[in-house]
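One structure is given below, encoded as structure tokens.
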Amino acid sequence: MPGIKLKHWLAYKKSRTTFFIILAALILIAIILLFWIRIFNAPPKSGQTTTIENEIPYRNDYIKAVNLLLSHPDSALSIAREKLKQAEKEGISEELIPYYNIMGIYYRNQAMYDKSIETFYAYLEYAMKYNKQQYIAEAYENIGAVNFLTYRYKDALGMFLKSLDIYREVGDELKIAWVYNSVGRVYFEIGDVEKARNYYQQANEIFNRENFHLGISSVSNHMAKYFLEINQPDSALICIDNALNHAEATNNNYGLCNIYLEKGNLFSKRGNFRDAIKNYLISDSIAEDLKFTPLNIYPKLALADAYTKQGKMEQAQTYLESANQLVKVHNSDKLLYKLNEVYSHFYENLGDNTKSFEYYKLATEDKTRMISQSETFQVYNIEIEQLSTRMEQQNMEMKKQALLLAQRKNTLVFIVVISVFLIGLLSLLYYFYLSRLRQQETEKMHRQELKYSNEKNQAVLEAELNERKRLASELHDGIGTQLSLAKLTLTNVMDRPDLALAKKEHLLRVTVVSIDDIIREVKNLSDTMTPHAIGAKGLKEAIKEMVAKFAQIRNYKIKLSIIGLTTELKPFASHAIYRTVQELLANALKHASGSEINIQLLQNEDDLTIMIEDDGKGFDTENPAIQKRFGLKNAKSRVDSLNGQLLIDSVFGRGTIITITIPLKDLNLSLQHTNSTLHEKNKSLYH
């Protein structure tokens with residue numbers, strides 16, 4: 001069969017080569033067309049947009065700075081400054097843009113709102129320059145937060161909604177939730193608490209779905225304010241405790257400070273000043289550890305106000321003076337407003353209405369100045385609108401380019417469709433041609449297979465007939481002669497009663513020896529027909545015994561090397577392999593006229609390789625007489641029956657090498673047994 005398959009391949013080689021050349025050419029044409037489509041359809045680099053996963057360089061320094069913002073903000077600021085100094089020397093790059101965001105958040109949390117808005121504007125400008133949608137949205141969101149903290153709620157809401165549109169476009173769920181939370185705070189401050197609650201709930205749903213502790217903590221804190229506003233203090237307390245749990249889970253010290261402050265406010269509004277002061281003190285302790293000036297001031301002002309309401313004016317004055325020193329250092333209009341407001345309450349409780357009114361006026365002036373003073377905010381808002389306008393113009397230009405590219409793409413798609421149609425038509429025509437050719441070759445192959453099968457069967461029958469002739473000769477010449485001799489001896493003893501007893505005993509002993517020889521001869525003959533050692537010890541040991549016997553009989557140096565051959569083969573395969581080795585070894589001993597024979601058997605997972613090499617006189621492998629020699633012919637028949645290959649390499653004066661390769665896929669008895677067992681198990685599962 002291997003020979004027929006090879007001829008079949010050679011017959012198709014020319015036609016298949018032609019087919020593959022045509023197919024390769026068509027594929028090359030298709031690749032070139034697709035390449036041009038990709039070039040014409042590629043958007044300009046300046047218009048590329050990506051989401052946060054591709055934009056922010058999540059390197060160790062950046063991640064470290066982000067994590068430190070809420071626990072050790074000064075360290076976060078140091079990292080951001082160092083990176084931006086590097087940018088001043090080397091030029092700002094996309095990966096350094098987010099450090100502006102970190103600095104802006106730091107200044108915002110420090111109530112340094114002018115610096116914060118300036119930094120966020122730089123962040124927005126670079127984000128628009130590189131057309132980074134995620135950065136642009138973050139800049140809008142944080143500018144909105146600064147506007148919110150300085151009581152410009154209209155501007156804050158506008159910025160939040162701009163960022164929300166971009167976050168929705170890029171599909172950033174967590175950022176959408178943060179903006180919902182911020183928009184809710186705006187509506188809460190302007191008195192629309194139900195609309196605020198609606199935004200808080202939307203944010204809370206996303207944060208819980210993503211299991212985002214930081215967001216859950218923040219929105220729970222704001223929900224507590226909502227419930228306190230609608231006079232549901234118990235629900236407010238539940239929200240505050242939930243906020244604390246999630247803030248502690250993320251080591252959010254900034255959040256913890258604010259939450260304990262809000263929890264104190266909750267108890268203060270309920271008149272429970274003891275628990276209020278307890279929570280204010282915890283908030284103050286966290287703020288001291290953070291060394292974050294605004295956070296240091298708010299708990300002290302809250303403690304002063306709580307002690308004032310209790311009438312403990314000495315303790316209240318102590319915390320007021322401490323807060324006053326921090327406000328002088330920080331110099332923030334918002335903090336001055338809060339300080340003067342608490343001083344007004346303090347002197348009102350002391351009964352000094354004049355001083356109380358003076359501080360009330362100061363607080364009002366601080367708040368008015370804070371809302372109206374900052375022309376910087378207005379200038380930045382104008383510039384932001386101009387940047388937005390330029391960005392919209394760029395987007396319009398990009399859309400025009402996209403439309404032009406779409407037209408080119410449609411033209412190329414039409415060309416590709418026509419090309420594909422022609423390719424398909426040519427392929428179909430060639431397929432019919434090839435199918436017809438294949439049908440002719442298949443019929444030819446079937447005829448060759450039939451001829452080969454007949455030759456193979458004839459070879460098997462001839463091998464069997466020759467084996468029978470050999471057995472008949474062995475029985476007649478060897479065992480038959482010995483039996484005749486034994487019969488004559490016994491007949492002589494029976495027919496001659498006058499023989500002496502000693503003579504009879506001698507003749508009987510001779511007869512017993514003859515019978516022993518006959519038994520050995522029968523055993524040897526039996527072994528040559530079906531070796532007993534294969535069944536008793538396995539193929540490997542049987543071959544070893546056979547080689548050992550040949551080595552004893554003939555004056556040859558025989559070397560045997562067996563690697564593997566541990567797999568249990570089917571009986572007919574083991575017998576065929578044994579007989580093949582026996583035939584070829586006997587052939588070498590009989591005809592090679594050499595002095596040394598090397599036999600190697602090597603088994604791997606897929607096949608068994610047998611190599612028999614002698615140093616004899618060699619022979620002409622093309623000689624028909626030698627090809628028909630019974631030993632070689634029988635060996636080749638057995639190898640063919642196992643779907644194997646037998647190759648002969650021989651040259652006069654150089655010896656002979658015979659190589660046999662036998663595939664083991666269908667001859668492995670253990671594999672067959674395993675498959676059978678699995679089949680039975682599967683059947684039992686279905687029944």
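Identifiers in the structure tokens: chain A, B, ... in order shown; residue index from 1 per chain; ligand index from 1 in order shown.
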Pull the helix (DSSP H, G or I) assignments for range 53-213 of chain A out of DSSP run on the backbone, and list those residues as a ChimeraX atom specification. /A:53-55,60-68,73-90,94-96,98-109,113-129,133-149,153-170,173-189,193-210,213
List the neighbours of Lys544 in chain A out to 10 Å using only C-alpha atoms; skip same-chain residues closer than 3 positions along the sequence, and give me the result as a VMD selection string. chain A and resid 533 539 to 541 547 to 549 560 to 562
How would the residues just picked look written out with N, CA, C and O atoms as a PDB file, in the first residue's frame?
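For reference, part-v3.pdb as written:
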ATOM      1  N   ALA A 533       8.151 -19.560  23.152  1.00  0.00           N
ATOM      2  CA  ALA A 533       8.695 -18.490  24.005  1.00  0.00           C
ATOM      3  C   ALA A 533       7.902 -17.194  23.867  1.00  0.00           C
ATOM      4  O   ALA A 533       7.842 -16.400  24.798  1.00  0.00           O
ATOM      5  N   LEU A 539       7.631 -11.268  23.101  1.00  0.00           N
ATOM      6  CA  LEU A 539       8.386 -11.165  21.859  1.00  0.00           C
ATOM      7  C   LEU A 539       9.853 -10.841  22.118  1.00  0.00           C
ATOM      8  O   LEU A 539      10.749 -11.390  21.479  1.00  0.00           O
ATOM      9  N   LYS A 540      10.111  -9.930  23.040  1.00  0.00           N
ATOM     10  CA  LYS A 540      11.482  -9.488  23.311  1.00  0.00           C
ATOM     11  C   LYS A 540      12.369 -10.657  23.726  1.00  0.00           C
ATOM     12  O   LYS A 540      13.463 -10.876  23.182  1.00  0.00           O
ATOM     13  N   GLU A 541      11.906 -11.483  24.706  1.00  0.00           N
ATOM     14  CA  GLU A 541      12.693 -12.617  25.202  1.00  0.00           C
ATOM     15  C   GLU A 541      12.795 -13.720  24.150  1.00  0.00           C
ATOM     16  O   GLU A 541      13.814 -14.413  24.040  1.00  0.00           O
ATOM     17  N   VAL A 547      18.166 -15.656  18.822  1.00  0.00           N
ATOM     18  CA  VAL A 547      19.496 -15.179  18.438  1.00  0.00           C
ATOM     19  C   VAL A 547      20.576 -15.980  19.143  1.00  0.00           C
ATOM     20  O   VAL A 547      21.606 -16.332  18.563  1.00  0.00           O
ATOM     21  N   ALA A 548      20.316 -16.313  20.422  1.00  0.00           N
ATOM     22  CA  ALA A 548      21.298 -17.097  21.187  1.00  0.00           C
ATOM     23  C   ALA A 548      21.496 -18.485  20.554  1.00  0.00           C
ATOM     24  O   ALA A 548      22.628 -18.991  20.468  1.00  0.00           O
ATOM     25  N   LYS A 549      20.409 -19.111  20.104  1.00  0.00           N
ATOM     26  CA  LYS A 549      20.507 -20.437  19.473  1.00  0.00           C
ATOM     27  C   LYS A 549      21.299 -20.351  18.168  1.00  0.00           C
ATOM     28  O   LYS A 549      22.153 -21.203  17.887  1.00  0.00           O
ATOM     29  N   LEU A 560      23.043  -8.256  19.493  1.00  0.00           N
ATOM     30  CA  LEU A 560      21.615  -7.917  19.541  1.00  0.00           C
ATOM     31  C   LEU A 560      21.413  -6.719  20.473  1.00  0.00           C
ATOM     32  O   LEU A 560      21.883  -6.726  21.609  1.00  0.00           O
ATOM     33  N   SER A 561      20.693  -5.677  19.993  1.00  0.00           N
ATOM     34  CA  SER A 561      20.350  -4.499  20.819  1.00  0.00           C
ATOM     35  C   SER A 561      18.858  -4.251  20.691  1.00  0.00           C
ATOM     36  O   SER A 561      18.348  -4.058  19.583  1.00  0.00           O
ATOM     37  N   ILE A 562      18.169  -4.286  21.827  1.00  0.00           N
ATOM     38  CA  ILE A 562      16.713  -4.063  21.825  1.00  0.00           C
ATOM     39  C   ILE A 562      16.426  -2.873  22.740  1.00  0.00           C
ATOM     40  O   ILE A 562      16.737  -2.899  23.931  1.00  0.00           O
TER      41      ILE A 562
END
So that I can see what lies close to range 229-240 of chain A, please list as an MDAnalysis selection string the residues with an atom at most 9 Å from it, counting only C-alpha atoms and leaving out residues fewer than 2 positions away in the same chain. chainID A and resid 193 217 219:227 242:245 259:260 262:263 266:267 270
Would you put the residues from that selection into a file with N, CA and C atoms, as an mmCIF file, in the first residue's frame?
data_model
loop_
_atom_site.group_PDB
_atom_site.id
_atom_site.type_symbol
_atom_site.label_atom_id
_atom_site.label_comp_id
_atom_site.auth_asym_id
_atom_site.auth_seq_id
_atom_site.Cartn_x
_atom_site.Cartn_y
_atom_site.Cartn_z
ATOM 1 N N VAL A 193 -33.407 67.645 47.158
ATOM 2 C CA VAL A 193 -32.857 66.449 47.802
ATOM 3 C C VAL A 193 -33.340 65.162 47.143
ATOM 4 N N SER A 217 -18.175 53.830 49.880
ATOM 5 C CA SER A 217 -17.941 54.637 51.075
ATOM 6 C C SER A 217 -18.395 56.077 50.857
ATOM 7 N N VAL A 219 -20.528 57.415 48.470
ATOM 8 C CA VAL A 219 -21.962 57.612 48.231
ATOM 9 C C VAL A 219 -22.777 57.309 49.488
ATOM 10 N N SER A 220 -22.317 56.377 50.320
ATOM 11 C CA SER A 220 -23.022 56.097 51.584
ATOM 12 C C SER A 220 -22.944 57.296 52.516
ATOM 13 N N ASN A 221 -21.817 57.993 52.526
ATOM 14 C CA ASN A 221 -21.655 59.196 53.354
ATOM 15 C C ASN A 221 -22.639 60.283 52.925
ATOM 16 N N HIS A 222 -22.794 60.445 51.594
ATOM 17 C CA HIS A 222 -23.725 61.466 51.103
ATOM 18 C C HIS A 222 -25.183 61.049 51.324
ATOM 19 N N MET A 223 -25.463 59.756 51.216
ATOM 20 C CA MET A 223 -26.822 59.282 51.507
ATOM 21 C C MET A 223 -27.192 59.536 52.972
ATOM 22 N N ALA A 224 -26.191 59.452 53.841
ATOM 23 C CA ALA A 224 -26.441 59.747 55.259
ATOM 24 C C ALA A 224 -26.911 61.190 55.428
ATOM 25 N N LYS A 225 -26.291 62.121 54.697
ATOM 26 C CA LYS A 225 -26.719 63.524 54.762
ATOM 27 C C LYS A 225 -28.158 63.673 54.261
ATOM 28 N N TYR A 226 -28.474 62.909 53.195
ATOM 29 C CA TYR A 226 -29.848 62.969 52.663
ATOM 30 C C TYR A 226 -30.864 62.515 53.714
ATOM 31 N N PHE A 227 -30.603 61.361 54.353
ATOM 32 C CA PHE A 227 -31.546 60.847 55.351
ATOM 33 C C PHE A 227 -31.643 61.778 56.560
ATOM 34 N N ASN A 242 -21.937 52.067 57.205
ATOM 35 C CA ASN A 242 -21.569 51.377 55.957
ATOM 36 C C ASN A 242 -20.403 52.089 55.274
ATOM 37 N N ALA A 243 -20.452 53.415 55.277
ATOM 38 C CA ALA A 243 -19.363 54.196 54.685
ATOM 39 C C ALA A 243 -18.051 53.949 55.421
ATOM 40 N N LEU A 244 -18.125 53.873 56.764
ATOM 41 C CA LEU A 244 -16.919 53.614 57.560
ATOM 42 C C LEU A 244 -16.315 52.253 57.229
ATOM 43 N N ASN A 245 -17.163 51.240 57.137
ATOM 44 C CA ASN A 245 -16.671 49.876 56.858
ATOM 45 C C ASN A 245 -15.915 49.820 55.531
ATOM 46 N N ILE A 259 -15.811 61.019 57.122
ATOM 47 C CA ILE A 259 -16.970 60.231 57.569
ATOM 48 C C ILE A 259 -17.173 60.367 59.078
ATOM 49 N N TYR A 260 -16.074 60.288 59.845
ATOM 50 C CA TYR A 260 -16.205 60.494 61.301
ATOM 51 C C TYR A 260 -16.702 61.907 61.598
ATOM 52 N N GLU A 262 -18.763 63.628 59.633
ATOM 53 C CA GLU A 262 -20.196 63.610 59.346
ATOM 54 C C GLU A 262 -20.978 62.847 60.416
ATOM 55 N N LYS A 263 -20.358 61.781 60.932
ATOM 56 C CA LYS A 263 -21.033 61.023 61.997
ATOM 57 C C LYS A 263 -21.182 61.895 63.245
ATOM 58 N N LEU A 266 -24.018 64.206 62.700
ATOM 59 C CA LEU A 266 -25.298 63.519 62.873
ATOM 60 C C LEU A 266 -25.704 63.503 64.354
ATOM 61 N N PHE A 267 -24.759 63.108 65.219
ATOM 62 C CA PHE A 267 -25.064 63.077 66.656
ATOM 63 C C PHE A 267 -25.301 64.483 67.196
ATOM 64 N N ARG A 270 -28.746 65.623 66.569
ATOM 65 C CA ARG A 270 -29.693 64.910 67.439
ATOM 66 C C ARG A 270 -29.552 65.336 68.899
#
d(CA of Tyr187 in chain A, CA of Lys162 in chain A) in Å: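 Calculated distance between CA of Tyr187 in chain A and CA of Lys162 in chain A is 16.4 Å.
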Return the single residue from A:Asn353, A:Ser163, A:Thr580, A:Ser285 that is closest to Ile136 in chain A, with distances computed using only C-alpha atoms.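 Ranked by minimum distance to Ile136 in chain A, first place goes to A:Ser163.
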Just to confirm, what's the straight-line distance from CA of Asp61 in chain A to CA of Leu84 in chain A in Å (one decimal)?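 Interatomic distance here is 12.5 Å.
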So which residues touch Thr308 in chain A within 7 Å, counting only C-alpha atoms, skipping near sequence neighbours fewer than 4 positions away, as a PyMOL selection string? chain A and resi 304+312-313+316+346+349
Could you dump the residues just selected with all heavy atoms as a PDB file, in the first residue's frame?
ATOM      1  N   ALA A 304     -15.132  72.808  68.538  1.00  0.00           N
ATOM      2  CA  ALA A 304     -15.405  74.111  69.163  1.00  0.00           C
ATOM      3  C   ALA A 304     -16.901  74.391  69.184  1.00  0.00           C
ATOM      4  O   ALA A 304     -17.456  74.853  70.201  1.00  0.00           O
ATOM      5  CB  ALA A 304     -14.661  75.206  68.405  1.00  0.00           C
ATOM      6  N   LYS A 312     -19.495  74.583  77.287  1.00  0.00           N
ATOM      7  CA  LYS A 312     -18.120  74.405  77.758  1.00  0.00           C
ATOM      8  C   LYS A 312     -17.228  75.341  76.950  1.00  0.00           C
ATOM      9  O   LYS A 312     -16.525  74.948  76.018  1.00  0.00           O
ATOM     10  CB  LYS A 312     -17.696  72.947  77.576  1.00  0.00           C
ATOM     11  CG  LYS A 312     -18.529  71.978  78.412  1.00  0.00           C
ATOM     12  CD  LYS A 312     -18.082  70.540  78.194  1.00  0.00           C
ATOM     13  CE  LYS A 312     -18.922  69.578  79.035  1.00  0.00           C
ATOM     14  NZ  LYS A 312     -18.516  68.166  78.865  1.00  0.00           N
ATOM     15  N   MET A 313     -17.249  76.614  77.345  1.00  0.00           N
ATOM     16  CA  MET A 313     -16.647  77.658  76.538  1.00  0.00           C
ATOM     17  C   MET A 313     -15.123  77.605  76.550  1.00  0.00           C
ATOM     18  O   MET A 313     -14.473  77.977  75.566  1.00  0.00           O
ATOM     19  CB  MET A 313     -17.137  79.037  77.019  1.00  0.00           C
ATOM     20  CG  MET A 313     -18.661  79.118  77.136  1.00  0.00           C
ATOM     21  SD  MET A 313     -19.548  78.556  75.649  1.00  0.00           S
ATOM     22  CE  MET A 313     -19.124  79.843  74.513  1.00  0.00           C
ATOM     23  N   ALA A 316     -14.123  75.037  74.084  1.00  0.00           N
ATOM     24  CA  ALA A 316     -14.452  75.553  72.757  1.00  0.00           C
ATOM     25  C   ALA A 316     -13.424  76.569  72.298  1.00  0.00           C
ATOM     26  O   ALA A 316     -12.975  76.560  71.143  1.00  0.00           O
ATOM     27  CB  ALA A 316     -15.846  76.172  72.771  1.00  0.00           C
ATOM     28  N   PHE A 346     -19.890  81.188  68.888  1.00  0.00           N
ATOM     29  CA  PHE A 346     -19.210  81.152  70.184  1.00  0.00           C
ATOM     30  C   PHE A 346     -19.556  82.396  71.009  1.00  0.00           C
ATOM     31  O   PHE A 346     -19.950  82.306  72.183  1.00  0.00           O
ATOM     32  CB  PHE A 346     -17.695  81.059  69.953  1.00  0.00           C
ATOM     33  CG  PHE A 346     -16.869  81.155  71.201  1.00  0.00           C
ATOM     34  CD1 PHE A 346     -16.754  80.079  72.068  1.00  0.00           C
ATOM     35  CD2 PHE A 346     -16.205  82.347  71.522  1.00  0.00           C
ATOM     36  CE1 PHE A 346     -15.990  80.182  73.221  1.00  0.00           C
ATOM     37  CE2 PHE A 346     -15.447  82.446  72.665  1.00  0.00           C
ATOM     38  CZ  PHE A 346     -15.332  81.372  73.524  1.00  0.00           C
ATOM     39  N   ASN A 349     -23.176  82.567  72.222  1.00  0.00           N
ATOM     40  CA  ASN A 349     -23.428  81.791  73.435  1.00  0.00           C
ATOM     41  C   ASN A 349     -22.824  82.459  74.670  1.00  0.00           C
ATOM     42  O   ASN A 349     -23.298  82.251  75.793  1.00  0.00           O
ATOM     43  CB  ASN A 349     -22.846  80.386  73.288  1.00  0.00           C
ATOM     44  CG  ASN A 349     -23.799  79.448  72.578  1.00  0.00           C
ATOM     45  OD1 ASN A 349     -24.647  78.820  73.188  1.00  0.00           O
ATOM     46  ND2 ASN A 349     -23.684  79.389  71.249  1.00  0.00           N
TER      47      ASN A 349
END
From A:Met445, A:Ala122, A:Met611, A:Leu96, residue lying nearest Tyr62 in chain A [only C-alpha atoms]: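 Closest to Tyr62 in chain A, using only C-alpha atoms: A:Leu96.
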Given only C-alpha atoms as the basis, pick out the residue of A:Lys132, A:Gln202, A:Glu314, A:Glu82 nearest to Val170 in chain A.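 Closest to Val170 in chain A, using only C-alpha atoms: A:Lys132.
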Which residues are near Ala576 in chain A? Cut-off 10 Å, only C-alpha atoms, ignore same chain within fewer than 3 positions. Put them as a list in words.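 My reading of the contact set: Pro571, Phe572, Ala573, Arg579, Thr580, Val581, Gln582, Ala635, Ser637, Arg638, Val639, Ser641 and Leu642 of chain A.
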Restrict the selected residues to all heavy atoms and save them as an mmCIF file, in the first residue's frame.
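The file below, selection-v1.cif, is the result:
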data_model
loop_
_atom_site.group_PDB
_atom_site.id
_atom_site.type_symbol
_atom_site.label_atom_id
_atom_site.label_comp_id
_atom_site.auth_asym_id
_atom_site.auth_seq_id
_atom_site.Cartn_x
_atom_site.Cartn_y
_atom_site.Cartn_z
ATOM 1 N N PRO A 571 -1.120 -11.131 18.815
ATOM 2 C CA PRO A 571 -0.374 -12.378 18.585
ATOM 3 C C PRO A 571 0.141 -12.516 17.150
ATOM 4 O O PRO A 571 1.287 -12.893 16.930
ATOM 5 C CB PRO A 571 -1.383 -13.467 18.926
ATOM 6 C CG PRO A 571 -2.304 -12.821 19.921
ATOM 7 C CD PRO A 571 -2.410 -11.393 19.496
ATOM 8 N N PHE A 572 -0.719 -12.200 16.143
ATOM 9 C CA PHE A 572 -0.273 -12.398 14.760
ATOM 10 C C PHE A 572 0.868 -11.441 14.425
ATOM 11 O O PHE A 572 1.772 -11.764 13.654
ATOM 12 C CB PHE A 572 -1.449 -12.206 13.789
ATOM 13 C CG PHE A 572 -1.782 -10.775 13.500
ATOM 14 C CD1 PHE A 572 -1.178 -10.091 12.457
ATOM 15 C CD2 PHE A 572 -2.713 -10.096 14.284
ATOM 16 C CE1 PHE A 572 -1.494 -8.797 12.188
ATOM 17 C CE2 PHE A 572 -3.026 -8.790 14.025
ATOM 18 C CZ PHE A 572 -2.415 -8.128 12.975
ATOM 19 N N ALA A 573 0.853 -10.240 15.029
ATOM 20 C CA ALA A 573 1.925 -9.272 14.781
ATOM 21 C C ALA A 573 3.229 -9.753 15.406
ATOM 22 O O ALA A 573 4.300 -9.682 14.783
ATOM 23 C CB ALA A 573 1.534 -7.902 15.335
ATOM 24 N N ARG A 579 9.047 -14.176 12.982
ATOM 25 C CA ARG A 579 9.389 -14.949 11.789
ATOM 26 C C ARG A 579 10.250 -14.119 10.820
ATOM 27 O O ARG A 579 11.162 -14.636 10.182
ATOM 28 C CB ARG A 579 8.118 -15.404 11.072
ATOM 29 C CG ARG A 579 7.415 -16.550 11.744
ATOM 30 C CD ARG A 579 8.259 -17.789 11.679
ATOM 31 N NE ARG A 579 7.577 -18.925 12.268
ATOM 32 C CZ ARG A 579 8.173 -19.914 12.864
ATOM 33 N NH1 ARG A 579 9.498 -19.872 12.976
ATOM 34 N NH2 ARG A 579 7.507 -20.915 13.375
ATOM 35 N N THR A 580 9.929 -12.813 10.723
ATOM 36 C CA THR A 580 10.699 -11.943 9.818
ATOM 37 C C THR A 580 12.156 -11.874 10.257
ATOM 38 O O THR A 580 13.078 -12.022 9.439
ATOM 39 C CB THR A 580 10.080 -10.541 9.798
ATOM 40 O OG1 THR A 580 8.729 -10.628 9.348
ATOM 41 C CG2 THR A 580 10.852 -9.617 8.865
ATOM 42 N N VAL A 581 12.383 -11.634 11.550
ATOM 43 C CA VAL A 581 13.751 -11.578 12.071
ATOM 44 C C VAL A 581 14.446 -12.925 11.859
ATOM 45 O O VAL A 581 15.618 -12.999 11.463
ATOM 46 C CB VAL A 581 13.747 -11.180 13.563
ATOM 47 C CG1 VAL A 581 15.160 -11.256 14.149
ATOM 48 C CG2 VAL A 581 13.174 -9.783 13.738
ATOM 49 N N GLN A 582 13.701 -14.015 12.094
ATOM 50 C CA GLN A 582 14.262 -15.368 11.944
ATOM 51 C C GLN A 582 14.673 -15.629 10.490
ATOM 52 O O GLN A 582 15.775 -16.131 10.210
ATOM 53 C CB GLN A 582 13.220 -16.402 12.397
ATOM 54 C CG GLN A 582 13.750 -17.825 12.448
ATOM 55 C CD GLN A 582 12.665 -18.798 12.851
ATOM 56 O OE1 GLN A 582 11.581 -18.785 12.276
ATOM 57 N NE2 GLN A 582 12.949 -19.601 13.865
ATOM 58 N N ALA A 635 9.798 -12.664 4.050
ATOM 59 C CA ALA A 635 9.937 -11.558 5.011
ATOM 60 C C ALA A 635 9.166 -10.333 4.535
ATOM 61 O O ALA A 635 8.458 -9.680 5.317
ATOM 62 C CB ALA A 635 11.407 -11.214 5.204
ATOM 63 N N SER A 637 6.580 -10.252 2.555
ATOM 64 C CA SER A 637 5.139 -10.520 2.644
ATOM 65 C C SER A 637 4.630 -10.273 4.059
ATOM 66 O O SER A 637 3.561 -9.691 4.267
ATOM 67 C CB SER A 637 4.848 -11.967 2.229
ATOM 68 O OG SER A 637 5.201 -12.170 0.879
ATOM 69 N N ARG A 638 5.408 -10.752 5.045
ATOM 70 C CA ARG A 638 4.978 -10.556 6.442
ATOM 71 C C ARG A 638 4.990 -9.065 6.818
ATOM 72 O O ARG A 638 4.084 -8.584 7.505
ATOM 73 C CB ARG A 638 5.892 -11.343 7.384
ATOM 74 C CG ARG A 638 5.714 -12.853 7.279
ATOM 75 C CD ARG A 638 6.438 -13.570 8.413
ATOM 76 N NE ARG A 638 6.173 -14.998 8.379
ATOM 77 C CZ ARG A 638 6.961 -15.892 7.791
ATOM 78 N NH1 ARG A 638 8.067 -15.495 7.187
ATOM 79 N NH2 ARG A 638 6.646 -17.178 7.803
ATOM 80 N N VAL A 639 6.001 -8.333 6.370
ATOM 81 C CA VAL A 639 6.067 -6.896 6.678
ATOM 82 C C VAL A 639 4.910 -6.160 6.015
ATOM 83 O O VAL A 639 4.278 -5.282 6.620
ATOM 84 C CB VAL A 639 7.424 -6.310 6.232
ATOM 85 C CG1 VAL A 639 7.417 -4.778 6.355
ATOM 86 C CG2 VAL A 639 8.556 -6.892 7.071
ATOM 87 N N SER A 641 2.025 -7.345 5.337
ATOM 88 C CA SER A 641 0.782 -7.685 6.051
ATOM 89 C C SER A 641 0.597 -6.830 7.302
ATOM 90 O O SER A 641 -0.519 -6.709 7.809
ATOM 91 C CB SER A 641 0.782 -9.177 6.438
ATOM 92 O OG SER A 641 1.755 -9.437 7.437
ATOM 93 N N LEU A 642 1.698 -6.249 7.787
ATOM 94 C CA LEU A 642 1.624 -5.368 8.964
ATOM 95 C C LEU A 642 1.644 -3.898 8.555
ATOM 96 O O LEU A 642 1.846 -3.014 9.409
ATOM 97 C CB LEU A 642 2.812 -5.644 9.907
ATOM 98 C CG LEU A 642 2.915 -7.070 10.467
ATOM 99 C CD1 LEU A 642 4.164 -7.213 11.329
ATOM 100 C CD2 LEU A 642 1.675 -7.419 11.286
#
Which distance in Å separates CA of Leu508 in chain A and CA of Val493 in chain A, to one decimal? 8.1 Å
When you look at range 657-665 of chain A with a cut-off of 8 Å (counting only C-alpha atoms), what residues show up, excluding the ones that are within fewer than 2 positions of it in the same chain? I need them as a PyMOL selection string. chain A and resi 605-614+639+642-650+655+667-668
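Shortest atom-to-atom contact with Gly255 in chain A among A:Leu69, A:Ala177, A:Ile190, A:Leu434: A:Leu69, counting only C-alpha atoms.
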DSSP strand (DSSP E or B) residues within range 632-676 of chain A, listed as a list in words: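 Checking each residue of range 632-676 of chain A, the strand (DSSP E or B) ones are Gln645, Leu646, Leu647, Ile648, Asp649, Ser650, Val651, Gly655, Thr656, Ile657, Ile658, Thr659, Ile660, Thr661, Ile662, Pro663 and Asn668 of chain A.
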As a PyMOL selection string, please: the residues near Asn101 in chain A (cut-off 9 Å, only C-alpha atoms, same-chain neighbours under 6 positions excluded). chain A and resi 80+119-120+123+135+138-139+142
